[in-house]
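Q: Next comes the structure file data-v2.cif, holding mmCIF, C-alpha atoms and all ligand atoms.
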data_input
loop_
_atom_site.label_atom_id
_atom_site.label_comp_id
_atom_site.auth_asym_id
_atom_site.auth_seq_id
_atom_site.Cartn_x
_atom_site.Cartn_y
_atom_site.Cartn_z
CA MET A 1 61.28 39.33 60.98
CA ASN A 2 62.03 43.10 61.16
CA ASN A 3 65.40 44.18 59.84
CA SER A 4 65.85 40.79 58.21
CA PRO A 5 68.57 40.83 55.58
CA LYS A 6 67.21 40.52 52.05
CA ASN A 7 70.48 39.74 50.32
CA ILE A 8 73.32 37.77 51.85
CA VAL A 9 76.65 36.76 50.33
CA LEU A 10 78.47 33.92 52.04
CA VAL A 11 82.04 33.32 50.86
CA GLY A 12 83.55 29.86 51.43
CA GLY A 13 80.17 28.11 51.31
CA ASN A 14 81.72 24.74 50.47
CA GLY A 15 83.81 24.71 53.67
CA GLY A 16 82.86 22.87 56.85
CA ILE A 17 81.60 25.91 58.74
CA GLY A 18 80.60 27.80 55.57
CA LEU A 19 78.19 25.12 54.35
CA ALA A 20 76.63 24.80 57.82
CA MET A 21 76.17 28.58 57.81
CA VAL A 22 74.44 28.47 54.42
CA LYS A 23 72.03 25.78 55.72
CA ARG A 24 71.36 27.75 58.90
CA ILE A 25 70.71 30.99 56.99
CA LEU A 26 68.25 29.16 54.70
CA ARG A 27 66.30 28.05 57.77
CA VAL A 28 66.42 31.33 59.71
CA PHE A 29 65.77 33.68 56.75
CA PRO A 30 63.42 31.81 54.40
CA TYR A 31 62.74 34.99 52.40
CA ALA A 32 66.34 36.09 51.87
CA CYS A 33 68.35 35.64 48.65
CA ILE A 34 71.57 33.85 49.45
CA HIS A 35 74.57 33.97 47.15
CA ALA A 36 77.16 31.46 48.31
CA THR A 37 80.59 30.87 46.83
CA TYR A 38 82.55 27.68 46.43
CA HIS A 39 86.12 27.15 45.36
CA HIS A 40 86.77 23.59 44.17
CA ARG A 41 83.46 21.79 44.32
CA CYS A 42 79.89 23.07 44.35
CA PRO A 43 78.03 21.42 47.25
CA PRO A 44 74.88 19.44 46.34
CA LEU A 45 72.64 21.86 48.22
CA HIS A 46 69.83 23.44 46.24
CA SER A 47 67.06 25.88 47.06
CA PRO A 48 65.15 28.54 45.11
CA GLN A 49 66.68 31.02 47.58
CA LEU A 50 70.25 29.95 46.93
CA THR A 51 72.61 30.78 44.06
CA TRP A 52 76.09 29.26 43.92
CA HIS A 53 79.06 31.15 42.40
CA GLN A 54 82.54 29.82 41.77
CA LEU A 55 85.16 32.12 43.33
CA ASP A 56 88.90 31.72 43.79
CA LEU A 57 89.96 34.14 46.51
CA SER A 58 93.57 34.05 45.33
CA LYS A 59 92.42 35.93 42.19
CA PRO A 60 91.74 39.60 43.08
CA HIS A 61 90.06 40.28 39.72
CA GLN A 62 87.49 37.53 40.44
CA ILE A 63 86.65 39.14 43.81
CA ASP A 64 86.37 42.52 42.12
CA GLU A 65 84.04 41.28 39.37
CA PHE A 66 81.93 39.33 41.85
CA GLY A 67 81.45 42.27 44.24
CA ARG A 68 80.73 44.79 41.52
CA SER A 69 78.00 42.56 40.06
CA PHE A 70 75.76 43.36 43.09
CA ASP A 71 73.68 46.56 43.42
CA HIS A 72 72.42 45.83 46.90
CA LEU A 73 73.78 43.68 49.70
CA ASP A 74 72.85 43.49 53.37
CA TRP A 75 75.29 40.93 54.78
CA LEU A 76 78.69 39.75 53.64
CA ILE A 77 80.05 36.76 55.55
CA ASN A 78 83.50 35.33 54.83
CA CYS A 79 83.96 31.74 56.04
CA ALA A 80 86.98 30.87 53.88
CA GLY A 81 90.46 30.28 55.21
CA VAL A 82 93.49 27.99 55.24
CA LEU A 83 95.66 26.47 57.96
CA HIS A 84 97.61 23.80 56.07
CA THR A 85 98.29 22.67 52.53
CA ARG A 86 99.09 19.21 51.18
CA GLU A 87 102.78 20.07 51.43
CA GLN A 88 102.95 21.96 54.71
CA GLY A 89 101.26 22.33 58.07
CA PRO A 90 101.54 25.15 60.60
CA GLU A 91 105.09 25.74 61.83
CA LYS A 92 106.35 24.40 65.18
CA ASN A 93 109.44 26.62 65.15
CA VAL A 94 110.99 29.55 63.31
CA GLU A 95 113.27 27.25 61.25
CA SER A 96 110.17 25.82 59.55
CA ILE A 97 109.06 29.11 58.06
CA ASN A 98 108.64 28.91 54.31
CA PRO A 99 108.09 32.22 52.48
CA HIS A 100 105.65 30.67 50.02
CA PHE A 101 103.50 29.14 52.80
CA PHE A 102 103.61 32.42 54.77
CA MET A 103 102.39 34.40 51.76
CA HIS A 104 99.75 31.75 51.02
CA ASN A 105 98.28 32.33 54.50
CA ILE A 106 98.26 36.10 54.02
CA GLN A 107 96.82 35.72 50.54
CA LEU A 108 93.87 33.61 51.70
CA ASN A 109 93.31 34.55 55.36
CA THR A 110 93.97 38.29 55.30
CA LEU A 111 93.68 39.99 51.93
CA PRO A 112 90.33 38.59 50.65
CA THR A 113 88.29 40.27 53.38
CA LEU A 114 89.71 43.67 52.44
CA LEU A 115 89.16 43.05 48.72
CA LEU A 116 85.62 41.85 49.42
CA ALA A 117 84.94 45.01 51.48
CA GLN A 118 86.33 47.07 48.62
CA SER A 119 84.33 45.43 45.85
CA PHE A 120 81.05 45.21 47.82
CA PHE A 121 81.27 48.72 49.27
CA ASN A 122 78.70 50.26 46.92
CA ALA A 123 76.32 47.33 47.30
CA LEU A 124 76.57 47.46 51.11
CA ARG A 125 76.01 51.23 51.00
CA ALA A 126 72.56 50.51 49.55
CA SER A 127 71.58 48.58 52.71
CA PRO A 128 69.95 50.20 55.76
CA ALA A 129 71.93 47.88 58.08
CA PRO A 130 74.98 46.42 56.32
CA LYS A 131 77.04 43.79 58.12
CA LEU A 132 80.40 42.26 57.31
CA ALA A 133 81.48 39.27 59.39
CA VAL A 134 84.63 37.22 58.89
CA LEU A 135 85.88 34.08 60.56
CA SER A 136 89.13 34.87 62.31
CA ALA A 137 90.72 32.67 65.00
CA ARG A 138 91.67 33.09 68.63
CA VAL A 139 95.28 32.25 67.71
CA GLY A 140 95.34 35.58 65.85
CA SER A 141 95.14 37.34 69.22
CA ILE A 142 98.57 38.70 70.21
CA SER A 143 97.76 39.04 73.91
CA ASP A 144 96.18 35.56 74.05
CA ASN A 145 99.26 33.86 72.55
CA HIS A 146 100.59 31.56 75.27
CA LEU A 147 101.79 28.60 73.18
CA GLY A 148 103.69 30.13 70.24
CA GLY A 149 104.13 28.25 66.95
CA TRP A 150 101.82 28.42 63.91
CA TYR A 151 103.64 31.56 62.68
CA SER A 152 102.01 31.95 59.27
CA TYR A 153 98.45 31.27 60.41
CA ARG A 154 98.78 33.41 63.55
CA CYS A 155 100.30 36.31 61.61
CA SER A 156 97.64 36.11 58.89
CA LYS A 157 94.78 36.11 61.42
CA ALA A 158 96.40 38.91 63.51
CA ALA A 159 96.65 40.93 60.28
CA LEU A 160 93.03 40.06 59.50
CA ASN A 161 92.02 41.35 62.94
CA MET A 162 93.83 44.63 62.23
CA ALA A 163 92.05 44.84 58.88
CA VAL A 164 88.67 44.35 60.59
CA LYS A 165 89.40 47.00 63.22
CA THR A 166 90.64 49.48 60.63
CA LEU A 167 87.68 48.86 58.34
CA ALA A 168 85.26 49.31 61.27
CA ILE A 169 86.82 52.71 62.03
CA GLU A 170 86.64 53.83 58.40
CA TRP A 171 83.06 52.68 58.02
CA GLN A 172 82.00 54.43 61.23
CA ARG A 173 82.59 57.58 59.15
CA ARG A 174 81.61 56.40 55.66
CA LEU A 175 78.98 53.70 56.30
CA LYS A 176 77.51 54.69 59.64
CA GLN A 177 74.95 51.89 59.89
CA ALA A 178 77.56 49.20 59.22
CA THR A 179 78.67 46.49 61.62
CA VAL A 180 82.06 44.83 61.03
CA LEU A 181 82.93 41.74 63.09
CA ALA A 182 85.76 39.23 63.49
CA LEU A 183 84.44 35.92 64.87
CA HIS A 184 86.23 32.93 66.39
CA PRO A 185 84.22 29.73 65.86
CA GLY A 186 86.02 27.61 68.47
CA THR A 187 87.74 24.38 67.50
CA THR A 188 85.29 22.89 65.03
CA ASP A 189 85.31 19.47 63.42
CA THR A 190 86.24 20.29 59.80
CA GLN A 191 88.97 19.43 57.28
CA LEU A 192 90.90 22.45 58.53
CA SER A 193 91.18 21.23 62.13
CA LYS A 194 91.26 17.46 61.38
CA PRO A 195 95.05 16.99 61.75
CA PHE A 196 95.09 18.87 65.07
CA GLN A 197 92.14 17.36 66.93
CA ALA A 198 94.01 14.66 68.89
CA ASN A 199 94.53 16.75 72.04
CA VAL A 200 91.19 18.55 71.92
CA PRO A 201 88.76 17.33 74.63
CA THR A 202 85.53 16.06 73.03
CA ASP A 203 83.44 18.74 74.72
CA LYS A 204 85.72 21.41 73.18
CA LEU A 205 85.45 20.06 69.63
CA PHE A 206 82.32 21.60 68.18
CA HIS A 207 80.00 20.30 65.49
CA VAL A 208 79.59 22.63 62.49
CA ASP A 209 75.82 22.94 63.04
CA GLU A 210 76.31 24.10 66.62
CA VAL A 211 78.90 26.66 65.49
CA ALA A 212 76.73 27.93 62.64
CA THR A 213 73.81 28.43 65.04
CA ASP A 214 75.99 30.37 67.49
CA LEU A 215 77.72 32.52 64.88
CA LEU A 216 74.53 33.41 63.05
CA ALA A 217 72.88 34.41 66.34
CA LEU A 218 75.81 36.74 67.05
CA ILE A 219 75.62 38.32 63.61
CA ILE A 220 71.85 38.83 63.96
CA ALA A 221 72.19 40.41 67.42
CA SER A 222 75.12 42.68 66.50
CA THR A 223 74.60 46.42 66.02
CA PRO A 224 76.80 49.25 64.69
CA ASN A 225 77.87 49.85 68.32
CA ASP A 226 79.63 46.46 68.18
CA SER A 227 81.52 47.29 64.99
CA GLY A 228 85.22 46.45 65.30
CA SER A 229 84.63 43.64 67.82
CA PHE A 230 86.45 40.31 67.99
CA TRP A 231 84.11 37.75 69.54
CA ASP A 232 84.24 34.06 70.20
CA TYR A 233 81.29 31.76 69.40
CA SER A 234 79.69 32.55 72.78
CA GLY A 235 79.86 36.32 72.27
CA GLN A 236 82.81 36.81 74.64
CA THR A 237 85.22 39.52 73.55
CA ILE A 238 88.69 38.21 72.69
CA PRO A 239 91.51 40.67 73.43
CA TRP A 240 93.47 41.76 70.36
N1 LIG A 301 87.73 24.61 62.18
C1 LIG A 301 88.27 25.25 63.22
O1 LIG A 301 88.56 24.65 64.27
C2 LIG A 301 88.53 26.74 63.16
C3 LIG A 301 89.01 27.38 64.29
C4 LIG A 301 89.25 28.75 64.24
C5 LIG A 301 89.03 29.46 63.08
N2 LIG A 301 88.58 28.81 61.98
C6 LIG A 301 88.39 29.59 60.75
O2 LIG A 301 87.10 29.36 60.24
C7 LIG A 301 87.12 29.48 58.81
C8 LIG A 301 86.45 28.26 58.17
O3 LIG A 301 87.20 27.12 58.50
P1 LIG A 301 86.65 25.62 58.33
O4 LIG A 301 87.02 24.93 59.57
O5 LIG A 301 85.24 25.64 57.86
O6 LIG A 301 87.65 25.12 57.18
P2 LIG A 301 87.38 24.28 55.86
O7 LIG A 301 86.32 23.28 56.05
O8 LIG A 301 88.74 23.82 55.42
O9 LIG A 301 86.84 25.41 54.85
C9 LIG A 301 87.71 26.39 54.33
C10 LIG A 301 87.05 27.05 53.15
O10 LIG A 301 87.97 27.99 52.56
C11 LIG A 301 87.91 27.80 51.15
N3 LIG A 301 89.10 28.24 50.43
C12 LIG A 301 90.38 27.89 50.61
N4 LIG A 301 91.15 28.43 49.64
C13 LIG A 301 90.32 29.14 48.84
C14 LIG A 301 90.48 29.91 47.67
N5 LIG A 301 91.67 30.05 47.07
N6 LIG A 301 89.40 30.50 47.13
C15 LIG A 301 88.17 30.34 47.67
N7 LIG A 301 87.95 29.63 48.78
C16 LIG A 301 89.01 29.03 49.35
C17 LIG A 301 87.75 26.30 50.99
O11 LIG A 301 87.37 25.94 49.67
P3 LIG A 301 88.12 24.67 48.97
O12 LIG A 301 88.12 23.57 49.97
O13 LIG A 301 87.29 24.36 47.77
O14 LIG A 301 89.49 25.16 48.65
C18 LIG A 301 86.64 26.08 52.03
O15 LIG A 301 85.41 26.47 51.49
C19 LIG A 301 88.60 29.67 58.42
O16 LIG A 301 88.85 31.04 58.23
C20 LIG A 301 89.34 29.20 59.65
O17 LIG A 301 90.61 29.83 59.79
C21 LIG A 301 88.31 27.46 61.98
#
Take the structure in the file and write it out as structure tokens.
Ligand SMILES: NC(=O)c1ccc[n+]([C@@H]2O[C@H](COP(=O)([O-])OP(=O)(O)OC[C@H]3O[C@@H](n4cnc5c(N)ncnc54)[C@H](OP(=O)(O)O)[C@@H]3O)[C@@H](O)[C@H]2O)c1
A:
Amino acid sequence: MNNSPKNIVLVGGNGGIGLAMVKRILRVFPYACIHATYHHRCPPLHSPQLTWHQLDLSKPHQIDEFGRSFDHLDWLINCAGVLHTREQGPEKNVESINPHFFMHNIQLNTLPTLLLAQSFFNALRASPAPKLAVLSARVGSISDNHLGGWYSYRCSKAALNMAVKTLAIEWQRRLKQATVLALHPGTTDTQLSKPFQANVPTDKLFHVDEVATDLLALIIASTPNDSGSFWDYSGQTIPW
């Protein structure tokens, strides 16, 4: 395939969507080298094309060391994120806001993408068509917020969207061939959405394989003209 990426890093490869993305990339790009990261447990998925790396995104120095260990990278895809912890779920009202939980969301949903962009900048600069794609969420859209609630998650994804937009503008000057995307996967059946699936109609609860197929197709089809876009799984633009 022309313009096929040779080197791909996928962060959050042990997550529901992340692992499905790794499997999909292995099938679609059988000649690419894939470096996938896991946090707690390395998935039992092996291939000569695939190298697993342990990475804790709450540790900036680990992100820095990881990124700087690459000389050349074509695609960087960040599928990591948090919505709830063992102690706390997303807030229903302002009284439930807990500073620690708020910062935890920012620390894992917002900051890592910027630190990854920083540490992989030189490696991406070596690519003729670098792409950075990150999983955001529709609830991070300010103009699409009709229900309220979920303060920490919403704020962290809105901040992530701003980071993506700002990075796209900077890289239009400094990395002209780059494409930077924020993607909404739709409500997908994973650990992250499990506690909140009760009111989701079955036809609106997606399987990870379906989502991985859709998201990878969008990343493949994207061009530098799309840089700074926020798309849902079907390629529809989501308003900021
Ligand atoms: N599922 C949905 O309905 C949905 C909807 C909209 C947006 N999204 C977004 O899609 C992305 C993927 O979600 P998912 O549904 O696949 O969730 P998931 O199955 O819970 O996966 C989340 C991933 O993030 C990783 N992670 C969490 N903390 C980390 C840390 N400190 N360091 C490194 N990795 C860490 C997890 O690793 P460990 O488990 O090992 O900690 C896991 O690999 C998230 O950004 C989410 O906000 C999902």
Q: Could you give me the residues within 7 Å of ligand LIG 301 (chain A), counting all atoms listed in the file, as a VMD selection string?
A: chain A and resid 12 to 18 38 to 41 55 to 58 79 to 83 108 to 109 135 to 138 184 to 193
Q: Skip A:Thr237 itself and residues of its chain fewer than 5 positions away, then list as a list in words all residues within 12 Å of it, counting only C-alpha atoms.
A: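 That gives Arg138, Ser141, Asp144, Leu181, Ala182, Leu183, His184, Leu218, Asp226, Gly228, Ser229, Phe230, Trp231 and Asp232 of chain A.
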Q: If I put a ball of radius 10 Å at (81.3, 48.5, 41.1) in the file's coordinates, which residues poke into it when counting only C-alpha atoms, written as a CSV table (one decimal) with C-alpha atoms, in the frame of the given file?
A:
chain,number,residue,atom,x,y,z
A,64,ASP,CA,86.4,42.5,42.1
A,65,GLU,CA,84.0,41.3,39.4
A,66,PHE,CA,81.9,39.3,41.8
A,67,GLY,CA,81.4,42.3,44.2
A,68,ARG,CA,80.7,44.8,41.5
A,69,SER,CA,78.0,42.6,40.1
A,70,PHE,CA,75.8,43.4,43.1
A,71,ASP,CA,73.7,46.6,43.4
A,118,GLN,CA,86.3,47.1,48.6
A,119,SER,CA,84.3,45.4,45.8
A,120,PHE,CA,81.0,45.2,47.8
A,121,PHE,CA,81.3,48.7,49.3
A,122,ASN,CA,78.7,50.3,46.9
A,123,ALA,CA,76.3,47.3,47.3
Q: Restricting the calculation to only C-alpha atoms, which member of A:Ser227, A:His207, A:Pro43, A:Pro60 is positioned closest to A:Arg173?
A: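 Closest to A:Arg173 of all the choices is A:Ser227.
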Q: Considering only C-alpha atoms, state which residue in the set A:Leu50, A:Val211, A:Met103, A:Leu45 is at the smallest distance from A:Tyr153.
A: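 Using only C-alpha atoms, A:Tyr153 sits closest to A:Met103.
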Q: So how far away is atom CA of A:Lys157 from atom CA of A:Glu87, in Å?
A: 20.5 Å
Q: For atom CA of A:Arg125 and atom CA of A:Leu175, quote the distance in Å rounded to one decimal.
A: 6.6 Å
Q: To one decimal place, how far is atom CA of A:Ile169 from atom CA of A:Thr223 in Å?
A: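 Here the two named atoms are 14.3 Å from each other.
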Q: Using all atoms listed in the file, pick whichever of A:Gln172, A:Ser152, A:Gln177, A:Thr213 has the shortest atom-to-atom distance to A:Val22.
A: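 Smallest distance to A:Val22 is found for A:Thr213.
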Q: Counting all atoms listed in the file, which of A:Ala212, A:Val11, A:Leu114, A:Pro90 gets nearest to A:Arg27?
A: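 Once distances to A:Arg27 are computed over all atoms listed in the file, the minimum belongs to A:Ala212.
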Q: Can you pull out the residues contacting A:Asn145? Cut-off 12 Å, using all atoms listed in the file, and skip same-chain residues under 3 positions away; I want them as a short mmCIF file (atom, residue, chain, number, x, y, z; two decimals) with C-alpha atoms, in the frame of the given file.
A:
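Result written to around_21.cif:
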data_model
loop_
_atom_site.label_atom_id
_atom_site.label_comp_id
_atom_site.auth_asym_id
_atom_site.auth_seq_id
_atom_site.Cartn_x
_atom_site.Cartn_y
_atom_site.Cartn_z
CA ALA A 137 90.72 32.67 65.00
CA ARG A 138 91.67 33.09 68.63
CA VAL A 139 95.28 32.25 67.71
CA GLY A 140 95.34 35.58 65.85
CA SER A 141 95.14 37.34 69.22
CA ILE A 142 98.57 38.70 70.21
CA GLY A 148 103.69 30.13 70.24
CA GLY A 149 104.13 28.25 66.95
CA TRP A 150 101.82 28.42 63.91
CA TYR A 151 103.64 31.56 62.68
CA ARG A 154 98.78 33.41 63.55
CA CYS A 155 100.30 36.31 61.61
CA ALA A 158 96.40 38.91 63.51
CA ILE A 238 88.69 38.21 72.69
CA PRO A 239 91.51 40.67 73.43
CA TRP A 240 93.47 41.76 70.36
#
Q: Can you rebuild stretch 163-174 of chain A with all heavy atoms and give it as a PDB file, keeping the file's coordinate frame?
A:
ATOM      1  N   ALA A 163      92.842  44.395  60.025  1.00  0.00           N
ATOM      2  CA  ALA A 163      92.050  44.840  58.880  1.00  0.00           C
ATOM      3  C   ALA A 163      90.599  45.104  59.305  1.00  0.00           C
ATOM      4  O   ALA A 163      89.988  46.106  58.914  1.00  0.00           O
ATOM      5  CB  ALA A 163      92.094  43.784  57.766  1.00  0.00           C
ATOM      6  N   VAL A 164      90.059  44.213  60.127  1.00  0.00           N
ATOM      7  CA  VAL A 164      88.670  44.350  60.590  1.00  0.00           C
ATOM      8  C   VAL A 164      88.520  45.626  61.433  1.00  0.00           C
ATOM      9  O   VAL A 164      87.588  46.415  61.250  1.00  0.00           O
ATOM     10  CB  VAL A 164      88.251  43.098  61.397  1.00  0.00           C
ATOM     11  CG1 VAL A 164      87.006  43.355  62.229  1.00  0.00           C
ATOM     12  CG2 VAL A 164      88.033  41.921  60.448  1.00  0.00           C
ATOM     13  N   LYS A 165      89.456  45.824  62.342  1.00  0.00           N
ATOM     14  CA  LYS A 165      89.400  47.000  63.220  1.00  0.00           C
ATOM     15  C   LYS A 165      89.504  48.289  62.406  1.00  0.00           C
ATOM     16  O   LYS A 165      88.753  49.251  62.616  1.00  0.00           O
ATOM     17  CB  LYS A 165      90.560  46.906  64.231  1.00  0.00           C
ATOM     18  CG  LYS A 165      90.619  48.030  65.225  1.00  0.00           C
ATOM     19  CD  LYS A 165      89.515  47.925  66.240  1.00  0.00           C
ATOM     20  CE  LYS A 165      89.524  49.145  67.146  1.00  0.00           C
ATOM     21  NZ  LYS A 165      88.403  49.152  68.070  1.00  0.00           N
ATOM     22  N   THR A 166      90.416  48.286  61.438  1.00  0.00           N
ATOM     23  CA  THR A 166      90.640  49.480  60.630  1.00  0.00           C
ATOM     24  C   THR A 166      89.422  49.773  59.743  1.00  0.00           C
ATOM     25  O   THR A 166      88.986  50.922  59.608  1.00  0.00           O
ATOM     26  CB  THR A 166      91.912  49.298  59.767  1.00  0.00           C
ATOM     27  OG1 THR A 166      92.996  48.988  60.648  1.00  0.00           O
ATOM     28  CG2 THR A 166      92.258  50.554  58.993  1.00  0.00           C
ATOM     29  N   LEU A 167      88.865  48.712  59.184  1.00  0.00           N
ATOM     30  CA  LEU A 167      87.680  48.860  58.340  1.00  0.00           C
ATOM     31  C   LEU A 167      86.498  49.390  59.175  1.00  0.00           C
ATOM     32  O   LEU A 167      85.731  50.256  58.731  1.00  0.00           O
ATOM     33  CB  LEU A 167      87.329  47.502  57.727  1.00  0.00           C
ATOM     34  CG  LEU A 167      86.213  47.468  56.698  1.00  0.00           C
ATOM     35  CD1 LEU A 167      86.606  48.262  55.455  1.00  0.00           C
ATOM     36  CD2 LEU A 167      85.904  46.019  56.309  1.00  0.00           C
ATOM     37  N   ALA A 168      86.362  48.864  60.390  1.00  0.00           N
ATOM     38  CA  ALA A 168      85.260  49.310  61.270  1.00  0.00           C
ATOM     39  C   ALA A 168      85.384  50.810  61.534  1.00  0.00           C
ATOM     40  O   ALA A 168      84.385  51.542  61.515  1.00  0.00           O
ATOM     41  CB  ALA A 168      85.270  48.520  62.566  1.00  0.00           C
ATOM     42  N   ILE A 169      86.613  51.283  61.759  1.00  0.00           N
ATOM     43  CA  ILE A 169      86.820  52.710  62.030  1.00  0.00           C
ATOM     44  C   ILE A 169      86.466  53.537  60.784  1.00  0.00           C
ATOM     45  O   ILE A 169      85.745  54.535  60.865  1.00  0.00           O
ATOM     46  CB  ILE A 169      88.279  52.972  62.481  1.00  0.00           C
ATOM     47  CG1 ILE A 169      88.499  52.368  63.879  1.00  0.00           C
ATOM     48  CG2 ILE A 169      88.593  54.475  62.489  1.00  0.00           C
ATOM     49  CD1 ILE A 169      89.943  52.330  64.325  1.00  0.00           C
ATOM     50  N   GLU A 170      86.942  53.078  59.638  1.00  0.00           N
ATOM     51  CA  GLU A 170      86.640  53.830  58.400  1.00  0.00           C
ATOM     52  C   GLU A 170      85.137  53.869  58.147  1.00  0.00           C
ATOM     53  O   GLU A 170      84.573  54.919  57.826  1.00  0.00           O
ATOM     54  CB  GLU A 170      87.357  53.184  57.206  1.00  0.00           C
ATOM     55  CG  GLU A 170      87.060  53.917  55.915  1.00  0.00           C
ATOM     56  CD  GLU A 170      87.674  53.263  54.686  1.00  0.00           C
ATOM     57  OE1 GLU A 170      88.753  52.658  54.794  1.00  0.00           O
ATOM     58  OE2 GLU A 170      87.038  53.361  53.609  1.00  0.00           O
ATOM     59  N   TRP A 171      84.496  52.721  58.332  1.00  0.00           N
ATOM     60  CA  TRP A 171      83.060  52.680  58.020  1.00  0.00           C
ATOM     61  C   TRP A 171      82.202  53.385  59.064  1.00  0.00           C
ATOM     62  O   TRP A 171      81.056  53.723  58.782  1.00  0.00           O
ATOM     63  CB  TRP A 171      82.628  51.220  57.790  1.00  0.00           C
ATOM     64  CG  TRP A 171      83.072  50.734  56.419  1.00  0.00           C
ATOM     65  CD1 TRP A 171      83.844  51.417  55.520  1.00  0.00           C
ATOM     66  CD2 TRP A 171      82.751  49.482  55.798  1.00  0.00           C
ATOM     67  NE1 TRP A 171      84.033  50.656  54.381  1.00  0.00           N
ATOM     68  CE2 TRP A 171      83.376  49.471  54.521  1.00  0.00           C
ATOM     69  CE3 TRP A 171      82.010  48.362  56.191  1.00  0.00           C
ATOM     70  CZ2 TRP A 171      83.272  48.387  53.643  1.00  0.00           C
ATOM     71  CZ3 TRP A 171      81.911  47.279  55.320  1.00  0.00           C
ATOM     72  CH2 TRP A 171      82.530  47.296  54.051  1.00  0.00           C
ATOM     73  N   GLN A 172      82.757  53.608  60.281  1.00  0.00           N
ATOM     74  CA  GLN A 172      82.000  54.430  61.230  1.00  0.00           C
ATOM     75  C   GLN A 172      81.805  55.833  60.661  1.00  0.00           C
ATOM     76  O   GLN A 172      80.856  56.528  60.986  1.00  0.00           O
ATOM     77  CB  GLN A 172      82.704  54.493  62.595  1.00  0.00           C
ATOM     78  CG  GLN A 172      82.197  53.400  63.529  1.00  0.00           C
ATOM     79  CD  GLN A 172      83.193  53.031  64.609  1.00  0.00           C
ATOM     80  OE1 GLN A 172      84.203  53.695  64.803  1.00  0.00           O
ATOM     81  NE2 GLN A 172      82.904  51.953  65.318  1.00  0.00           N
ATOM     82  N   ARG A 173      82.731  56.260  59.801  1.00  0.00           N
ATOM     83  CA  ARG A 173      82.590  57.580  59.150  1.00  0.00           C
ATOM     84  C   ARG A 173      81.796  57.463  57.843  1.00  0.00           C
ATOM     85  O   ARG A 173      80.932  58.271  57.563  1.00  0.00           O
ATOM     86  CB  ARG A 173      83.969  58.154  58.823  1.00  0.00           C
ATOM     87  CG  ARG A 173      84.785  58.556  60.020  1.00  0.00           C
ATOM     88  CD  ARG A 173      85.981  59.414  59.609  1.00  0.00           C
ATOM     89  NE  ARG A 173      86.919  58.695  58.758  1.00  0.00           N
ATOM     90  CZ  ARG A 173      87.968  58.001  59.212  1.00  0.00           C
ATOM     91  NH1 ARG A 173      88.207  57.972  60.508  1.00  0.00           N
ATOM     92  NH2 ARG A 173      88.769  57.355  58.397  1.00  0.00           N
ATOM     93  N   ARG A 174      82.114  56.434  57.037  1.00  0.00           N
ATOM     94  CA  ARG A 174      81.610  56.400  55.660  1.00  0.00           C
ATOM     95  C   ARG A 174      80.365  55.540  55.462  1.00  0.00           C
ATOM     96  O   ARG A 174      79.699  55.631  54.435  1.00  0.00           O
ATOM     97  CB  ARG A 174      82.712  55.885  54.743  1.00  0.00           C
ATOM     98  CG  ARG A 174      83.934  56.778  54.751  1.00  0.00           C
ATOM     99  CD  ARG A 174      84.960  56.264  53.777  1.00  0.00           C
ATOM    100  NE  ARG A 174      84.496  56.290  52.413  1.00  0.00           N
ATOM    101  CZ  ARG A 174      84.893  55.420  51.477  1.00  0.00           C
ATOM    102  NH1 ARG A 174      85.747  54.462  51.772  1.00  0.00           N
ATOM    103  NH2 ARG A 174      84.431  55.504  50.248  1.00  0.00           N
TER     104      ARG A 174
END
